[in-house]
Amino acid sequence: MGVSYTSGRRLVVPEASTVTSLRHRNRSQILRHIILARETTRAKLGRLCDLSPASVTKLVGELIAEGLVRENGSVASRGGRPIALIGPRPEAAYAIGADVGERGVAVELFDLTLRRVDREFRGGREEESAATIAQDLREALAALRDRNPQAWTRLLGVGVGLPGLVETDPGGEQILYAQTLGWPPVPIDQLVSADVPVFAENGAKTQAKAELWFGAAHEVGHCLVALLGRGVGLGVIADGRLTHGYAGSAAEWGHTKIERGGRPCRCGGHGCIEAYAGSDAILKAWRDRGGVFDGTGWRAIGAFLEAAESDPAASRLRDDLVDTIGLGLANMVNLTNPRRIIIGGWVGLRLMERLAEPLERAIRAHSLPRPAAQFDLRPSTFGGDAVALGAAIMPVEAMIAAS
């Protein structure tokens, strides 16, 4: 009999149950590694999962028979038979990832290799409400379904990256708390209506998940993944896992304070990093110093950075911005001791194009010397697609866990 212990008492577990549980875990582990690698071998799977060749062969055979995995040709060995390459079968299953911004949505369809198949944009209004976001999502999903009817029959679910805190209440209902948008708490099923499972998470965390699976955080273990856009967010990866906290709101870095009684923030507080490093804050500060620009997005931030090359006021503001972001991330360096810092989001990517070295110097300057010497700085691997990709990973993770 299999035996386990709990609360000081001897609990007898039927051996068949233990064997079934172990087999399920091994099968899920194999499938996860195949999807992560996108192409691998049975020998590598055995080493990664600490399984015998016979066990790997049996489990991979089951996944091939079920149509989830396939052999993608072979490579030569150092003698003997060629080595078969194993990968996920792209058309076996699909997942939706939605990046819900404050002014619209980008909804993307991914196959089982988590490569994008199709995408749809909606929105573009100056201000969105929960009702208009729900409409945008509904229309975008309908457009993707109409163009991809075969994929819809194999759709695992819809993942959504959102601007706010996402919590699951005791009854199992997911709720969005978007305080900075001025919205009341919104049940996720009011935002997304679908006949497949829906998974929701803060957008900075889904960006971090994309980096953890396929990007600059893969196999690094300890990372900070910052998202700089209109809002400011962070995903913290510790021991290879995304940190969520007690109810899911861990790493709300954008609303940590860097100045007592400082600038007012959209959250209702003062002195938050977002009040200095969010796009609206940057552009307002530039306008107050005489800056002239069109819009409030990618081009406006680009115009500001271009002006900073020659205009003294814009140059001082740029240097202050770099120092502020450096200070904010240095606080997280001292708290978490990351091996790597990754900066994404549309503002973050603009900054990393021109200011990666000054940003790195500022972070190190404000950190303790020892942890300051232990990280490197990278831009987001996936650019503007990171949030949607990370959101699509959630239904794939659920499938793997249930396989």
# chains A, B, ... in the order shown; residues from 1 in each chain; ligands from 1
call {"tool": "closest_atom_pairs", "arguments": {"of": "region 323-391 of chain A", "to": "region 257-279 of chain A", "cutoff": "12 Å", "atoms": "only C-alpha atoms", "output": "CSV"}}
result
residue,atom,partner,partner_atom,distance
A:Asp323,CA,A:Ala277,CA,10.3
A:Thr324,CA,A:Tyr276,CA,7.4
A:Ile325,CA,A:Ala277,CA,6.8
A:Gly326,CA,A:Ala277,CA,10.6
A:Leu327,CA,A:Ile258,CA,8.0
A:Gly328,CA,A:Ile273,CA,6.8
A:Leu329,CA,A:Ile273,CA,9.8
A:Ala330,CA,A:Ile258,CA,11.2
A:Asn331,CA,A:Ile258,CA,9.5
A:Gly345,CA,A:Gly278,CA,10.5
A:Trp346,CA,A:Ser279,CA,9.3
A:Val347,CA,A:Ser279,CA,6.8
A:Gly348,CA,A:Ala277,CA,9.5
A:Arg350,CA,A:Ser279,CA,11.0
A:Leu351,CA,A:Ala277,CA,10.9
call {"tool": "atom_distance", "arguments": {"atom1": "CA of Asp376 (chain A)", "atom2": "CA of Leu317 (chain A)"}}
result
25.1 Å
call {"tool": "atom_distance", "arguments": {"atom1": "CA of Arg138 (chain A)", "atom2": "CA of Arg122 (chain A)"}}
result
9.6 Å
call {"tool": "residues_around", "arguments": {"residues": "region 181-192 of chain A", "least_positions_apart": "3", "cutoff": "8 Å", "atoms": "only C-alpha atoms", "output": "PyMOL selection string"}}
result
chain A and resi 102+129-131+133-134+137-138+173-178+198+200+266
call {"tool": "select_by_dssp", "arguments": {"residues": "region 242-328 of chain A", "states": "strand (DSSP E or B)", "output": "VMD selection string"}}
result
chain A and resid 242 257 264 270 272
call {"tool": "write_last_selection", "arguments": {"atoms": "C-alpha atoms", "output": "compact mmCIF listing (two decimals), in the first residue's frame"}}
result
# COMPACT_ATOMS: atom_id res chain seq x y z
CA LEU A 242 5.12 33.74 -11.13
CA LYS A 257 5.49 55.17 -3.62
CA PRO A 264 -1.52 62.55 -7.65
CA HIS A 270 0.16 60.30 -4.31
CA CYS A 272 3.19 56.38 -7.13
call {"tool": "select_by_dssp", "arguments": {"residues": "region 71-315 of chain A", "states": "alpha helix (DSSP H)", "output": "ChimeraX atom specification"}}
result
/A:130-147,149-152,188-191,203-214,274-277,279-288,298-307,312-315
call {"tool": "closest_atom_pairs", "arguments": {"of": "region 324-398 of chain A", "to": "region 209-229 of chain A", "cutoff": "10 Å", "atoms": "only C-alpha atoms", "output": "CSV"}}
result
residue,atom,partner,partner_atom,distance
A:Ile325,CA,A:Leu228,CA,9.7
A:Leu329,CA,A:Leu224,CA,8.5
A:Met332,CA,A:Leu224,CA,8.0
A:Val333,CA,A:Leu224,CA,8.3
A:Thr336,CA,A:His222,CA,8.1
A:Asn337,CA,A:His222,CA,7.6
A:Pro338,CA,A:His222,CA,4.9
A:Arg339,CA,A:His222,CA,5.4
A:Arg340,CA,A:Cys223,CA,4.9
A:Ile341,CA,A:Leu224,CA,4.8
A:Ile342,CA,A:Val225,CA,4.7
A:Ile343,CA,A:Ala226,CA,4.8
A:Gly344,CA,A:Leu227,CA,4.9
A:Gly345,CA,A:Leu227,CA,4.6
A:Trp346,CA,A:Gly229,CA,5.5
A:Val347,CA,A:Gly229,CA,4.8
A:Gly348,CA,A:Leu228,CA,4.8
A:Leu349,CA,A:Leu228,CA,8.1
A:Arg350,CA,A:Leu228,CA,9.5
A:Leu351,CA,A:Leu228,CA,9.3
A:Phe375,CA,A:Cys223,CA,8.7
A:Asp376,CA,A:Cys223,CA,9.7
A:Leu377,CA,A:Leu224,CA,9.6
A:Arg378,CA,A:Ala216,CA,7.3
A:Pro379,CA,A:Ala216,CA,8.3
A:Ser380,CA,A:Ala216,CA,7.2
A:Thr381,CA,A:Gly215,CA,5.4
A:Phe382,CA,A:Gly215,CA,7.5
A:Asp385,CA,A:Ala210,CA,9.2
A:Ala386,CA,A:Ala210,CA,5.9
A:Val387,CA,A:Ala210,CA,7.2
A:Ala388,CA,A:Ala210,CA,8.5
A:Leu389,CA,A:Ala210,CA,5.9
A:Gly390,CA,A:Ala210,CA,4.2
A:Ala391,CA,A:Lys209,CA,8.0
A:Ala392,CA,A:Ala210,CA,8.9
A:Ile393,CA,A:Ala210,CA,7.5
A:Met394,CA,A:Lys209,CA,8.9
call {"tool": "residues_around", "arguments": {"residues": "Ala314 (chain A)", "least_positions_apart": "3", "cutoff": "12 Å", "atoms": "only C-alpha atoms", "output": "count of residues only"}}
result
27
call {"tool": "decode", "arguments": {"residues": "region 141-192 of chain A", "atoms": "C-alpha atoms", "output": "mmCIF file, in the first residue's frame"}}
result
data_model
loop_
_atom_site.group_PDB
_atom_site.id
_atom_site.type_symbol
_atom_site.label_atom_id
_atom_site.label_comp_id
_atom_site.auth_asym_id
_atom_site.auth_seq_id
_atom_site.Cartn_x
_atom_site.Cartn_y
_atom_site.Cartn_z
ATOM 1 C CA LEU A 141 -13.979 36.936 -30.887
ATOM 2 C CA ALA A 142 -16.824 36.725 -33.420
ATOM 3 C CA ALA A 143 -14.544 37.952 -36.218
ATOM 4 C CA LEU A 144 -11.871 35.374 -35.358
ATOM 5 C CA ARG A 145 -14.457 32.606 -35.147
ATOM 6 C CA ASP A 146 -15.871 33.504 -38.563
ATOM 7 C CA ARG A 147 -12.398 33.376 -40.146
ATOM 8 C CA ASN A 148 -11.255 30.245 -38.304
ATOM 9 C CA PRO A 149 -14.244 27.882 -37.926
ATOM 10 C CA GLN A 150 -12.110 24.721 -37.797
ATOM 11 C CA ALA A 151 -9.957 26.105 -34.989
ATOM 12 C CA TRP A 152 -13.071 26.947 -32.981
ATOM 13 C CA THR A 153 -14.027 23.285 -32.737
ATOM 14 C CA ARG A 154 -10.716 22.656 -30.929
ATOM 15 C CA LEU A 155 -10.574 25.814 -28.836
ATOM 16 C CA LEU A 156 -9.269 25.201 -25.299
ATOM 17 C CA GLY A 157 -10.348 28.525 -23.869
ATOM 18 C CA VAL A 158 -9.921 32.278 -23.787
ATOM 19 C CA GLY A 159 -7.219 33.942 -21.709
ATOM 20 C CA VAL A 160 -7.506 37.642 -20.924
ATOM 21 C CA GLY A 161 -4.793 40.041 -19.724
ATOM 22 C CA LEU A 162 -6.438 42.963 -17.919
ATOM 23 C CA PRO A 163 -5.498 46.422 -16.559
ATOM 24 C CA GLY A 164 -6.173 45.888 -12.859
ATOM 25 C CA LEU A 165 -6.264 43.355 -10.052
ATOM 26 C CA VAL A 166 -7.888 40.008 -10.817
ATOM 27 C CA GLU A 167 -9.118 37.994 -7.849
ATOM 28 C CA THR A 168 -11.127 34.822 -7.429
ATOM 29 C CA ASP A 169 -13.786 35.094 -4.736
ATOM 30 C CA PRO A 170 -14.683 32.216 -2.339
ATOM 31 C CA GLY A 171 -17.412 31.101 -4.734
ATOM 32 C CA GLY A 172 -14.930 30.696 -7.579
ATOM 33 C CA GLU A 173 -15.987 33.818 -9.498
ATOM 34 C CA GLN A 174 -13.197 35.925 -10.994
ATOM 35 C CA ILE A 175 -13.517 39.676 -10.495
ATOM 36 C CA LEU A 176 -11.577 42.593 -11.984
ATOM 37 C CA TYR A 177 -10.736 45.519 -9.717
ATOM 38 C CA ALA A 178 -9.706 48.329 -12.096
ATOM 39 C CA GLN A 179 -9.416 51.153 -9.587
ATOM 40 C CA THR A 180 -7.198 53.315 -11.799
ATOM 41 C CA LEU A 181 -9.888 53.281 -14.515
ATOM 42 C CA GLY A 182 -12.592 54.345 -12.094
ATOM 43 C CA TRP A 183 -14.604 51.168 -12.695
ATOM 44 C CA PRO A 184 -16.559 49.352 -9.998
ATOM 45 C CA PRO A 185 -15.587 45.696 -9.459
ATOM 46 C CA VAL A 186 -16.474 43.780 -12.639
ATOM 47 C CA PRO A 187 -17.126 40.015 -12.771
ATOM 48 C CA ILE A 188 -15.038 38.564 -15.592
ATOM 49 C CA ASP A 189 -18.044 36.761 -17.080
ATOM 50 C CA GLN A 190 -19.568 40.196 -17.719
ATOM 51 C CA LEU A 191 -16.519 41.162 -19.782
ATOM 52 C CA VAL A 192 -16.046 37.907 -21.675
#
